[in-house]
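Here is the file upload03.txt (compact mmCIF, C-alpha atoms and all ligand atoms).
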```txt
# COMPACT_ATOMS: atom_id res chain seq x y z
CA MET A 119 147.06 40.75 -18.29
CA LYS A 120 144.70 40.30 -15.35
CA TRP A 121 145.00 36.89 -13.73
CA ARG A 122 145.23 37.19 -9.94
CA GLY A 123 142.36 35.78 -7.90
CA ARG A 124 141.15 33.49 -10.69
CA LYS A 125 140.77 29.73 -10.34
CA THR A 126 143.96 27.66 -10.70
CA SER A 127 144.09 24.26 -12.35
CA SER A 128 144.21 21.13 -10.21
CA ARG A 129 146.25 19.46 -12.92
CA ILE A 130 149.62 20.98 -12.05
CA GLU A 131 152.31 18.48 -11.14
CA ASP A 132 155.09 20.26 -9.31
CA ARG A 133 158.32 18.34 -9.75
CA ARG A 134 160.61 21.22 -8.90
CA GLY A 135 161.58 19.33 -5.76
CA SER A 136 163.07 20.51 -2.53
CA SER A 137 166.59 20.89 -3.90
CA GLY A 138 165.41 23.89 -5.92
CA ARG A 139 168.14 23.61 -8.46
CA GLY A 140 168.08 26.10 -11.28
CA VAL A 141 168.87 25.88 -14.95
CA LYS A 142 172.51 26.55 -14.26
CA GLY A 143 172.59 23.84 -11.60
CA GLY A 144 171.02 21.41 -14.05
CA PHE A 145 173.69 22.12 -16.61
CA VAL A 146 176.47 21.74 -14.06
CA GLY A 147 174.76 18.47 -13.08
CA ILE A 148 175.00 17.18 -16.64
CA VAL A 149 178.68 18.10 -16.83
CA ILE A 150 179.41 16.38 -13.51
CA ALA A 151 177.34 13.38 -14.60
CA GLY A 152 179.35 13.19 -17.82
CA ILE A 153 182.60 13.13 -15.87
CA LEU A 154 181.26 10.47 -13.50
CA TRP A 155 180.11 8.41 -16.45
CA LEU A 156 183.32 8.68 -18.46
CA VAL A 157 185.81 8.40 -15.65
CA PHE A 158 184.03 5.99 -13.33
CA ASP A 159 181.71 4.20 -15.78
CA VAL A 160 178.71 4.86 -13.53
CA ASN A 161 175.26 4.19 -15.01
CA PRO A 162 174.39 7.40 -16.95
CA MET A 163 171.10 7.95 -15.11
CA THR A 164 172.68 7.42 -11.70
CA ALA A 165 175.49 9.70 -12.77
CA LEU A 166 173.00 12.38 -13.77
CA GLU A 167 171.20 12.19 -10.45
CA THR A 168 174.45 12.21 -8.49
CA GLY A 169 175.70 15.07 -10.63
CA ASN A 170 172.61 17.06 -9.81
CA ARG A 171 172.93 16.41 -6.11
CA ILE A 172 176.47 17.71 -6.26
CA SER A 173 175.63 20.71 -8.44
CA SER A 174 172.55 21.71 -6.42
CA SER A 175 174.79 22.27 -3.43
CA LEU A 176 176.99 24.62 -5.45
CA PRO A 177 176.48 28.37 -5.07
CA GLY A 178 174.44 30.04 -7.79
CA SER A 179 172.24 27.01 -8.37
CA ASN A 180 169.03 28.75 -7.43
CA THR A 181 167.67 31.14 -10.00
CA ALA A 182 164.27 32.17 -8.64
CA SER A 183 163.40 33.47 -5.18
CA PRO A 184 160.70 31.45 -3.35
CA ALA A 185 158.18 34.29 -3.84
CA GLU A 186 158.95 34.49 -7.55
CA ALA A 187 158.74 30.70 -7.92
CA ASP A 188 155.37 30.79 -6.17
CA ARG A 189 154.07 33.58 -8.39
CA ASN A 190 155.15 31.68 -11.50
CA SER A 191 153.48 28.41 -10.52
CA THR A 192 150.23 30.18 -9.55
CA PHE A 193 150.31 32.06 -12.84
CA ALA A 194 150.82 28.84 -14.84
CA GLY A 195 147.94 27.25 -12.89
CA VAL A 196 145.58 30.11 -13.70
CA VAL A 197 146.43 30.07 -17.41
CA LEU A 198 146.00 26.29 -17.56
CA ALA A 199 142.61 26.60 -15.84
CA ASP A 200 141.66 29.30 -18.36
CA THR A 201 142.50 26.92 -21.21
CA GLU A 202 140.44 24.16 -19.56
CA ALA A 203 137.40 26.45 -19.37
CA VAL A 204 137.70 27.63 -22.98
CA TRP A 205 138.47 24.29 -24.64
CA SER A 206 135.79 22.42 -22.63
CA GLN A 207 133.31 24.93 -24.02
CA VAL A 208 134.59 24.57 -27.60
CA PHE A 209 134.54 20.76 -27.46
CA ALA A 210 131.06 20.74 -25.89
CA GLN A 211 129.78 22.91 -28.75
CA SER A 212 130.81 20.20 -31.21
CA GLY A 213 129.26 17.50 -29.03
CA SER A 214 132.48 16.06 -27.59
CA THR A 215 134.23 16.12 -24.25
CA TYR A 216 137.56 17.82 -23.66
CA ARG A 217 140.15 15.65 -21.92
CA GLU A 218 142.35 18.02 -19.92
CA PRO A 219 146.14 17.80 -20.11
CA SER A 220 148.38 18.03 -17.04
CA MET A 221 151.27 20.40 -16.63
CA VAL A 222 154.57 19.36 -15.11
CA LEU A 223 156.68 22.13 -13.59
CA TYR A 224 160.33 21.15 -13.35
CA ARG A 225 163.85 22.41 -13.07
CA GLY A 226 166.93 21.18 -14.83
CA GLN A 227 165.92 17.80 -16.24
CA VAL A 228 162.71 15.87 -16.42
CA ARG A 229 161.58 12.43 -17.54
CA SER A 230 158.47 12.17 -19.70
CA ALA A 231 156.75 9.41 -21.67
CA CYS A 232 158.53 10.97 -24.67
CA GLY A 233 161.96 10.56 -23.10
CA SER A 234 164.26 12.69 -21.00
CA ALA A 235 164.39 16.41 -21.50
CA SER A 236 166.34 19.34 -20.16
CA SER A 237 165.20 22.89 -19.60
CA ALA A 238 167.44 23.99 -22.48
CA MET A 239 164.81 22.49 -24.80
CA GLY A 240 162.13 24.93 -23.68
CA PRO A 241 158.49 24.07 -23.02
CA PHE A 242 157.08 21.03 -24.82
CA TYR A 243 154.03 18.79 -24.99
CA CYS A 244 154.28 15.00 -24.77
CA PRO A 245 151.31 13.18 -26.38
CA GLY A 246 152.40 9.89 -24.73
CA ASP A 247 151.36 11.09 -21.28
CA GLU A 248 149.27 14.12 -22.34
CA LYS A 249 151.40 16.47 -20.28
CA ILE A 250 152.91 19.87 -20.89
CA TYR A 251 156.45 20.22 -19.52
CA LEU A 252 157.51 23.65 -18.40
CA ASP A 253 160.65 24.89 -16.70
CA LEU A 254 159.58 28.21 -15.23
CA GLY A 255 163.11 29.54 -15.72
CA PHE A 256 162.08 29.81 -19.37
CA PHE A 257 159.79 32.71 -18.46
CA ALA A 258 162.65 34.69 -16.95
CA GLU A 259 164.76 33.98 -20.02
CA MET A 260 161.88 35.05 -22.25
CA SER A 261 161.33 38.31 -20.36
CA SER A 262 164.96 39.27 -20.74
CA SER A 263 165.10 38.31 -24.41
CA LEU A 264 161.93 40.35 -25.04
CA GLY A 265 163.48 43.22 -23.12
CA ILE A 266 160.81 43.09 -20.43
CA SER A 267 161.64 43.79 -16.82
CA GLU A 268 159.91 41.34 -14.46
CA ASP A 269 159.20 44.27 -12.13
CA GLN A 270 157.34 46.43 -14.61
CA GLY A 271 153.72 46.98 -13.71
CA SER A 272 153.75 45.02 -10.48
CA ALA A 273 154.39 47.88 -8.08
CA SER A 274 150.80 48.85 -7.34
CA GLY A 275 149.83 45.44 -5.99
CA ASP A 276 146.37 45.58 -7.53
CA ASN A 277 144.95 43.18 -10.08
CA ARG A 278 147.23 44.46 -12.83
CA GLY A 279 149.61 41.87 -14.17
CA GLN A 280 153.29 42.17 -14.88
CA ALA A 281 154.56 43.16 -18.25
CA GLY A 282 155.26 39.99 -20.17
CA ASP A 283 152.45 38.00 -18.55
CA PHE A 284 150.47 37.58 -21.70
CA ALA A 285 153.52 36.50 -23.68
CA GLN A 286 153.99 33.76 -21.09
CA ALA A 287 150.32 32.80 -21.32
CA TYR A 288 150.72 32.59 -25.09
CA VAL A 289 153.53 30.04 -24.68
CA ILE A 290 151.31 27.86 -22.45
CA ALA A 291 148.36 28.26 -24.82
CA HIS A 292 150.59 27.18 -27.74
CA GLU A 293 151.52 23.96 -25.91
CA VAL A 294 147.83 23.36 -25.09
CA GLY A 295 147.29 23.82 -28.84
CA HIS A 296 149.48 20.75 -29.40
CA HIS A 297 147.30 18.86 -26.94
CA ILE A 298 144.23 19.82 -29.00
CA GLN A 299 146.02 18.49 -32.10
CA HIS A 300 146.69 15.25 -30.26
CA LEU A 301 143.02 14.94 -29.27
CA THR A 302 141.78 15.66 -32.78
CA GLY A 303 144.28 13.23 -34.31
CA VAL A 304 146.03 15.86 -36.46
CA SER A 305 149.42 15.29 -34.88
CA SER A 306 149.37 11.52 -35.39
CA GLN A 307 148.30 12.01 -39.01
CA VAL A 308 151.27 14.31 -39.51
CA GLN A 309 153.52 11.81 -37.76
CA GLN A 310 152.36 9.03 -40.09
CA ALA A 311 152.67 11.19 -43.18
CA ARG A 312 156.20 12.18 -42.21
CA GLY A 313 157.28 8.55 -42.55
CA ARG A 314 156.35 8.60 -46.24
CA LEU A 315 157.88 11.97 -47.06
CA SER A 316 161.32 13.43 -47.55
CA GLU A 317 162.81 15.30 -44.63
CA ALA A 318 162.13 18.68 -46.25
CA GLU A 319 158.50 17.79 -46.97
CA GLY A 320 158.13 16.43 -43.46
CA ASN A 321 159.48 19.65 -42.02
CA GLN A 322 156.92 21.62 -44.00
CA LEU A 323 154.18 19.58 -42.34
CA SER A 324 155.74 20.26 -38.95
CA VAL A 325 155.63 23.98 -39.67
CA LYS A 326 151.91 23.69 -40.42
CA LEU A 327 151.41 21.88 -37.12
CA GLU A 328 153.27 24.61 -35.25
CA LEU A 329 151.39 27.43 -36.97
CA GLN A 330 148.10 25.74 -36.14
CA ALA A 331 149.12 25.63 -32.46
CA ASP A 332 149.81 29.39 -32.70
CA CYS A 333 146.37 29.91 -34.26
CA PHE A 334 144.74 27.85 -31.47
CA ALA A 335 146.54 30.05 -28.93
CA GLY A 336 144.94 33.05 -30.65
CA VAL A 337 141.49 31.40 -30.57
CA TRP A 338 141.94 30.73 -26.87
CA ALA A 339 142.90 34.37 -26.20
CA ASN A 340 139.80 35.59 -28.03
CA LEU A 341 137.38 33.26 -26.23
CA ASN A 342 139.00 33.80 -22.84
CA GLN A 343 138.66 37.55 -23.32
CA GLU A 344 134.95 37.05 -23.94
CA ARG A 345 134.74 34.88 -20.82
CA VAL A 346 136.76 36.84 -18.22
CA ASN A 347 137.90 40.07 -19.89
CA PHE A 348 141.53 39.47 -18.94
CA LEU A 349 143.44 41.46 -21.53
CA GLU A 350 145.06 44.83 -20.88
CA GLN A 351 146.43 47.46 -23.20
CA GLY A 352 149.45 46.18 -25.05
CA ASP A 353 148.90 42.50 -24.27
CA VAL A 354 148.25 41.41 -27.84
CA ASP A 355 151.30 43.33 -29.08
CA GLU A 356 153.22 41.50 -26.40
CA ALA A 357 152.10 38.12 -27.70
CA ILE A 358 152.86 39.13 -31.26
CA SER A 359 156.29 40.25 -30.22
CA ALA A 360 156.78 36.90 -28.48
CA ALA A 361 155.52 35.05 -31.54
CA SER A 362 157.99 36.87 -33.71
CA GLN A 363 160.95 36.48 -31.38
CA ILE A 364 160.47 33.02 -29.95
CA GLY A 365 161.12 31.19 -33.16
CA ASP A 366 163.53 28.67 -34.52
CA ASP A 367 166.39 31.13 -34.63
CA THR A 368 166.08 32.19 -30.99
CA LEU A 369 165.53 28.72 -29.63
CA GLN A 370 167.94 26.79 -31.83
CA LYS A 371 170.24 26.20 -28.90
CA ARG A 372 168.03 23.41 -27.66
CA SER A 373 169.86 20.19 -27.00
CA GLN A 374 169.45 17.02 -29.04
CA GLY A 375 167.76 14.91 -26.39
CA THR A 376 165.46 11.97 -26.93
CA VAL A 377 162.44 14.25 -27.03
CA VAL A 378 161.98 15.93 -30.40
CA PRO A 379 162.56 19.61 -29.73
CA ASP A 380 159.38 21.58 -30.12
CA SER A 381 161.19 24.58 -31.57
CA PHE A 382 162.25 22.63 -34.65
CA THR A 383 160.60 24.08 -37.73
CA HIS A 384 158.15 26.51 -36.17
CA GLY A 385 157.93 28.62 -39.28
CA SER A 386 159.06 32.15 -39.88
CA SER A 387 158.34 35.00 -37.49
CA ARG A 388 155.98 36.54 -40.01
CA GLN A 389 153.97 33.31 -40.36
CA ARG A 390 153.71 32.88 -36.60
CA VAL A 391 152.37 36.41 -36.14
CA GLU A 392 149.93 35.91 -39.01
CA TRP A 393 148.41 32.69 -37.63
CA PHE A 394 148.18 33.86 -34.04
CA THR A 395 146.39 36.99 -35.28
CA ARG A 396 144.04 34.95 -37.45
CA GLY A 397 143.02 32.85 -34.44
CA PHE A 398 142.68 35.90 -32.22
CA ASP A 399 140.62 37.92 -34.70
CA THR A 400 138.14 35.14 -35.44
CA GLY A 401 137.99 33.13 -32.19
CA ASP A 402 137.18 30.21 -34.45
CA THR A 403 139.21 27.01 -34.79
CA GLY A 404 137.78 26.72 -38.30
CA ALA A 405 140.08 29.59 -39.27
CA CYS A 406 143.11 27.52 -38.21
CA ASP A 407 143.37 25.11 -41.12
CA THR A 408 147.03 25.65 -41.84
CA PHE A 409 147.05 22.48 -43.96
CA ALA A 410 144.60 23.78 -46.56
ZN ZN B 501 155.04 24.01 -30.76
```
In structure tokens, write the structure found in this file.
Ligand SMILES: [Zn+2]
Amino acid sequence: MKWRGRKTSSRIEDRRGSSGRGVKGGFVGIVIAGILWLVFDVNPMTALETGNRISSSLPGSNTASPAEADRNSTFAGVVLADTEAVWSQVFAQSGSTYREPSMVLYRGQVRSACGSASSAMGPFYCPGDEKIYLDLGFFAEMSSSLGISEDQGSASGDNRGQAGDFAQAYVIAHEVGHHIQHLTGVSSQVQQARGRLSEAEGNQLSVKLELQADCFAGVWANLNQERVNFLEQGDVDEAISAASQIGDDTLQKRSQGTVVPDSFTHGSSRQRVEWFTRGFDTGDTGACDTFA
């Protein structure tokens, strides 16, 4: 995927902080916080913050080198800007205005309008503040689970992207897809309907919501290709591989925080591939009616 030198979004909120604690540090922080809370009866939030201060000074807390962290945040900014360009165009065509989401980059834990979250939950979208929350450590985890070396394809230093880039872009585009659903009111309709349904029926609706976000990611990829010709050989296979591997089964280890985990009921691998492909082949949101 070609992305270097393109505009980056101004709507990136970098909350990675100066402590630079990694996923591991965050986890150690929670453990320390738990001990502080249980043994000393410290306020849980204070305990968490203290725990993180302690754990961030432990060796092995930093996961990404500064250069790598920089590359990842620039990359996320370019992909977000690409989604802004495409969705503004789509909304304008139907006579409405696209309200852009923000993206919060964080490490360890983060507080959102939807509650507290940890990086173990993976990327998510919070409709309450219209922000996408992304721990960039997730990308490294994804590359290794997809069997992609972060170094592949980056040696020449030209405009060629790294292997795995497009799979990462797909993850961001999927979260932006949830923002589109929030803007169009689909997600609140599903939320309301869930209250009247059994858990199993409600989960089926959630799957439809997730598959639609996959389809929207495909639509975005199609329209962005038309706009900036950013795809390289193998990119779509990469996304399809991501769609089939980053599913409920792979991401089930997410914690039970106060934010509803986004991985819950994403549908089967086969369904995810099918809907992404449908969006990509047509470039038309009309093809994404997973509820029909
Ligand atoms: Zn989702």
Best match for closeness to Gly404 in chain A among A:Gln309, A:Ser236, A:Gln330, A:Ser214, counting only C-alpha atoms: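 Closest to Gly404 in chain A of all the choices is A:Gln330.
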Residues within 8 Å of range 388-403 of chain A, all atoms listed in the file, excluding chain neighbours under 5 positions, as a PDB file with C-alpha atoms, keeping the file's coordinate frame:
```
ATOM      1  CA  LEU A 329     151.390  27.430 -36.970  1.00  0.00           C
ATOM      2  CA  GLN A 330     148.100  25.740 -36.140  1.00  0.00           C
ATOM      3  CA  ASP A 332     149.810  29.390 -32.700  1.00  0.00           C
ATOM      4  CA  CYS A 333     146.370  29.910 -34.260  1.00  0.00           C
ATOM      5  CA  PHE A 334     144.740  27.850 -31.470  1.00  0.00           C
ATOM      6  CA  ALA A 335     146.540  30.050 -28.930  1.00  0.00           C
ATOM      7  CA  GLY A 336     144.940  33.050 -30.650  1.00  0.00           C
ATOM      8  CA  VAL A 337     141.490  31.400 -30.570  1.00  0.00           C
ATOM      9  CA  TRP A 338     141.940  30.730 -26.870  1.00  0.00           C
ATOM     10  CA  ALA A 339     142.900  34.370 -26.200  1.00  0.00           C
ATOM     11  CA  ASN A 340     139.800  35.590 -28.030  1.00  0.00           C
ATOM     12  CA  LEU A 341     137.380  33.260 -26.230  1.00  0.00           C
ATOM     13  CA  ILE A 358     152.860  39.130 -31.260  1.00  0.00           C
ATOM     14  CA  ALA A 361     155.520  35.050 -31.540  1.00  0.00           C
ATOM     15  CA  SER A 362     157.990  36.870 -33.710  1.00  0.00           C
TER      16      SER A 362
END
```
Nearest candidate to Gln286 in chain A (options A:Cys406, A:Leu301, A:Val208, A:Ala258; using all atoms listed in the file):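 Checking each candidate against Gln286 in chain A, we get A:Ala258 as the closest.
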Pick from A:Asp283, A:Glu293, A:Asp407, A:Glu317, whichever lies nearest to ligand ZN 501 (chain B) using all atoms listed in the file: A:Glu293
Neighbour list for Val197 in chain A as number ranges by chain, cut-off 12 Å, all atoms listed in the file, skip fewer than 5 positions in-chain: A: 119-130, 190-192, 202-204, 221, 283-294, 335, 338-339, 342, 346, 348
For the selection you just gave me, I'd like the residues written to a file as an mmCIF file, in the coordinates of the input, keeping C-alpha atoms.
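Output file part_10.cif follows:
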```
data_model
loop_
_atom_site.group_PDB
_atom_site.id
_atom_site.type_symbol
_atom_site.label_atom_id
_atom_site.label_comp_id
_atom_site.auth_asym_id
_atom_site.auth_seq_id
_atom_site.Cartn_x
_atom_site.Cartn_y
_atom_site.Cartn_z
ATOM 1 C CA MET A 119 147.060 40.750 -18.290
ATOM 2 C CA LYS A 120 144.700 40.300 -15.350
ATOM 3 C CA TRP A 121 145.000 36.890 -13.730
ATOM 4 C CA ARG A 122 145.230 37.190 -9.940
ATOM 5 C CA GLY A 123 142.360 35.780 -7.900
ATOM 6 C CA ARG A 124 141.150 33.490 -10.690
ATOM 7 C CA LYS A 125 140.770 29.730 -10.340
ATOM 8 C CA THR A 126 143.960 27.660 -10.700
ATOM 9 C CA SER A 127 144.090 24.260 -12.350
ATOM 10 C CA SER A 128 144.210 21.130 -10.210
ATOM 11 C CA ARG A 129 146.250 19.460 -12.920
ATOM 12 C CA ILE A 130 149.620 20.980 -12.050
ATOM 13 C CA ASN A 190 155.150 31.680 -11.500
ATOM 14 C CA SER A 191 153.480 28.410 -10.520
ATOM 15 C CA THR A 192 150.230 30.180 -9.550
ATOM 16 C CA GLU A 202 140.440 24.160 -19.560
ATOM 17 C CA ALA A 203 137.400 26.450 -19.370
ATOM 18 C CA VAL A 204 137.700 27.630 -22.980
ATOM 19 C CA MET A 221 151.270 20.400 -16.630
ATOM 20 C CA ASP A 283 152.450 38.000 -18.550
ATOM 21 C CA PHE A 284 150.470 37.580 -21.700
ATOM 22 C CA ALA A 285 153.520 36.500 -23.680
ATOM 23 C CA GLN A 286 153.990 33.760 -21.090
ATOM 24 C CA ALA A 287 150.320 32.800 -21.320
ATOM 25 C CA TYR A 288 150.720 32.590 -25.090
ATOM 26 C CA VAL A 289 153.530 30.040 -24.680
ATOM 27 C CA ILE A 290 151.310 27.860 -22.450
ATOM 28 C CA ALA A 291 148.360 28.260 -24.820
ATOM 29 C CA HIS A 292 150.590 27.180 -27.740
ATOM 30 C CA GLU A 293 151.520 23.960 -25.910
ATOM 31 C CA VAL A 294 147.830 23.360 -25.090
ATOM 32 C CA ALA A 335 146.540 30.050 -28.930
ATOM 33 C CA TRP A 338 141.940 30.730 -26.870
ATOM 34 C CA ALA A 339 142.900 34.370 -26.200
ATOM 35 C CA ASN A 342 139.000 33.800 -22.840
ATOM 36 C CA VAL A 346 136.760 36.840 -18.220
ATOM 37 C CA PHE A 348 141.530 39.470 -18.940
#
```
Nearest candidate to Asp247 in chain A (options A:Ala357, A:Leu349, A:Leu198, A:Ala231; using only C-alpha atoms):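 Ranked by minimum distance to Asp247 in chain A, first place goes to A:Ala231.
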Long-range neighbours of Tyr243 in chain A as number ranges by chain, 10 Å cut-off, only C-alpha atoms, 5 positions minimum in chain: A: 219-222, 230, 232, 248-252, 290, 292-297, 300, 377, 379-380
For the residues selected in the previous step, produce a file with C-alpha atoms as a short mmCIF file (atom, residue, chain, number, x, y, z; two decimals), in the coordinates of the input.
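This went into result.cif:
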```
data_model
loop_
_atom_site.label_atom_id
_atom_site.label_comp_id
_atom_site.auth_asym_id
_atom_site.auth_seq_id
_atom_site.Cartn_x
_atom_site.Cartn_y
_atom_site.Cartn_z
CA PRO A 219 146.14 17.80 -20.11
CA SER A 220 148.38 18.03 -17.04
CA MET A 221 151.27 20.40 -16.63
CA VAL A 222 154.57 19.36 -15.11
CA SER A 230 158.47 12.17 -19.70
CA CYS A 232 158.53 10.97 -24.67
CA GLU A 248 149.27 14.12 -22.34
CA LYS A 249 151.40 16.47 -20.28
CA ILE A 250 152.91 19.87 -20.89
CA TYR A 251 156.45 20.22 -19.52
CA LEU A 252 157.51 23.65 -18.40
CA ILE A 290 151.31 27.86 -22.45
CA HIS A 292 150.59 27.18 -27.74
CA GLU A 293 151.52 23.96 -25.91
CA VAL A 294 147.83 23.36 -25.09
CA GLY A 295 147.29 23.82 -28.84
CA HIS A 296 149.48 20.75 -29.40
CA HIS A 297 147.30 18.86 -26.94
CA HIS A 300 146.69 15.25 -30.26
CA VAL A 377 162.44 14.25 -27.03
CA PRO A 379 162.56 19.61 -29.73
CA ASP A 380 159.38 21.58 -30.12
#
```
Option closest in space to ligand ZN 501 (chain B), from A:Gln351, A:Ser183, A:Thr408, A:Gln299 [counting all atoms listed in the file]: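 Comparing A:Gln351, A:Ser183, A:Thr408, A:Gln299 against ligand ZN 501 (chain B), the winner is A:Gln299.
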Gap from CA of Gln207 in chain A to CA of Ala331 in chain A - Å, one decimal: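 Straight-line distance from CA of Gln207 in chain A to CA of Ala331 in chain A works out to 17.9 Å.
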Of the listed residues A:Leu223, A:Leu327, A:Ala187, A:Ala311, that which approaches ligand ZN 501 (chain B) most closely, counting only C-alpha atoms and all ligand atoms: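 Distance minimum relative to ligand ZN 501 (chain B) lands on A:Leu327.
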Which residues, protein or nucleic acid, reach to within 12 Å of (156.9, 30.4, -8.4) in the file's coordinates when using all atoms listed in the file, and can you give that as an mmCIF file with C-alpha atoms, in the coordinates of the input?
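Printed below is selection-v1.cif as written:
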```
data_model
loop_
_atom_site.group_PDB
_atom_site.id
_atom_site.type_symbol
_atom_site.label_atom_id
_atom_site.label_comp_id
_atom_site.auth_asym_id
_atom_site.auth_seq_id
_atom_site.Cartn_x
_atom_site.Cartn_y
_atom_site.Cartn_z
ATOM 1 C CA ASP A 132 155.090 20.260 -9.310
ATOM 2 C CA ARG A 134 160.610 21.220 -8.900
ATOM 3 C CA GLY A 138 165.410 23.890 -5.920
ATOM 4 C CA THR A 181 167.670 31.140 -10.000
ATOM 5 C CA ALA A 182 164.270 32.170 -8.640
ATOM 6 C CA SER A 183 163.400 33.470 -5.180
ATOM 7 C CA PRO A 184 160.700 31.450 -3.350
ATOM 8 C CA ALA A 185 158.180 34.290 -3.840
ATOM 9 C CA GLU A 186 158.950 34.490 -7.550
ATOM 10 C CA ALA A 187 158.740 30.700 -7.920
ATOM 11 C CA ASP A 188 155.370 30.790 -6.170
ATOM 12 C CA ARG A 189 154.070 33.580 -8.390
ATOM 13 C CA ASN A 190 155.150 31.680 -11.500
ATOM 14 C CA SER A 191 153.480 28.410 -10.520
ATOM 15 C CA THR A 192 150.230 30.180 -9.550
ATOM 16 C CA PHE A 193 150.310 32.060 -12.840
ATOM 17 C CA ALA A 194 150.820 28.840 -14.840
ATOM 18 C CA GLY A 195 147.940 27.250 -12.890
ATOM 19 C CA LEU A 223 156.680 22.130 -13.590
ATOM 20 C CA TYR A 224 160.330 21.150 -13.350
ATOM 21 C CA ARG A 225 163.850 22.410 -13.070
ATOM 22 C CA ASP A 253 160.650 24.890 -16.700
ATOM 23 C CA LEU A 254 159.580 28.210 -15.230
ATOM 24 C CA GLY A 255 163.110 29.540 -15.720
ATOM 25 C CA PHE A 257 159.790 32.710 -18.460
ATOM 26 C CA ALA A 258 162.650 34.690 -16.950
#
```
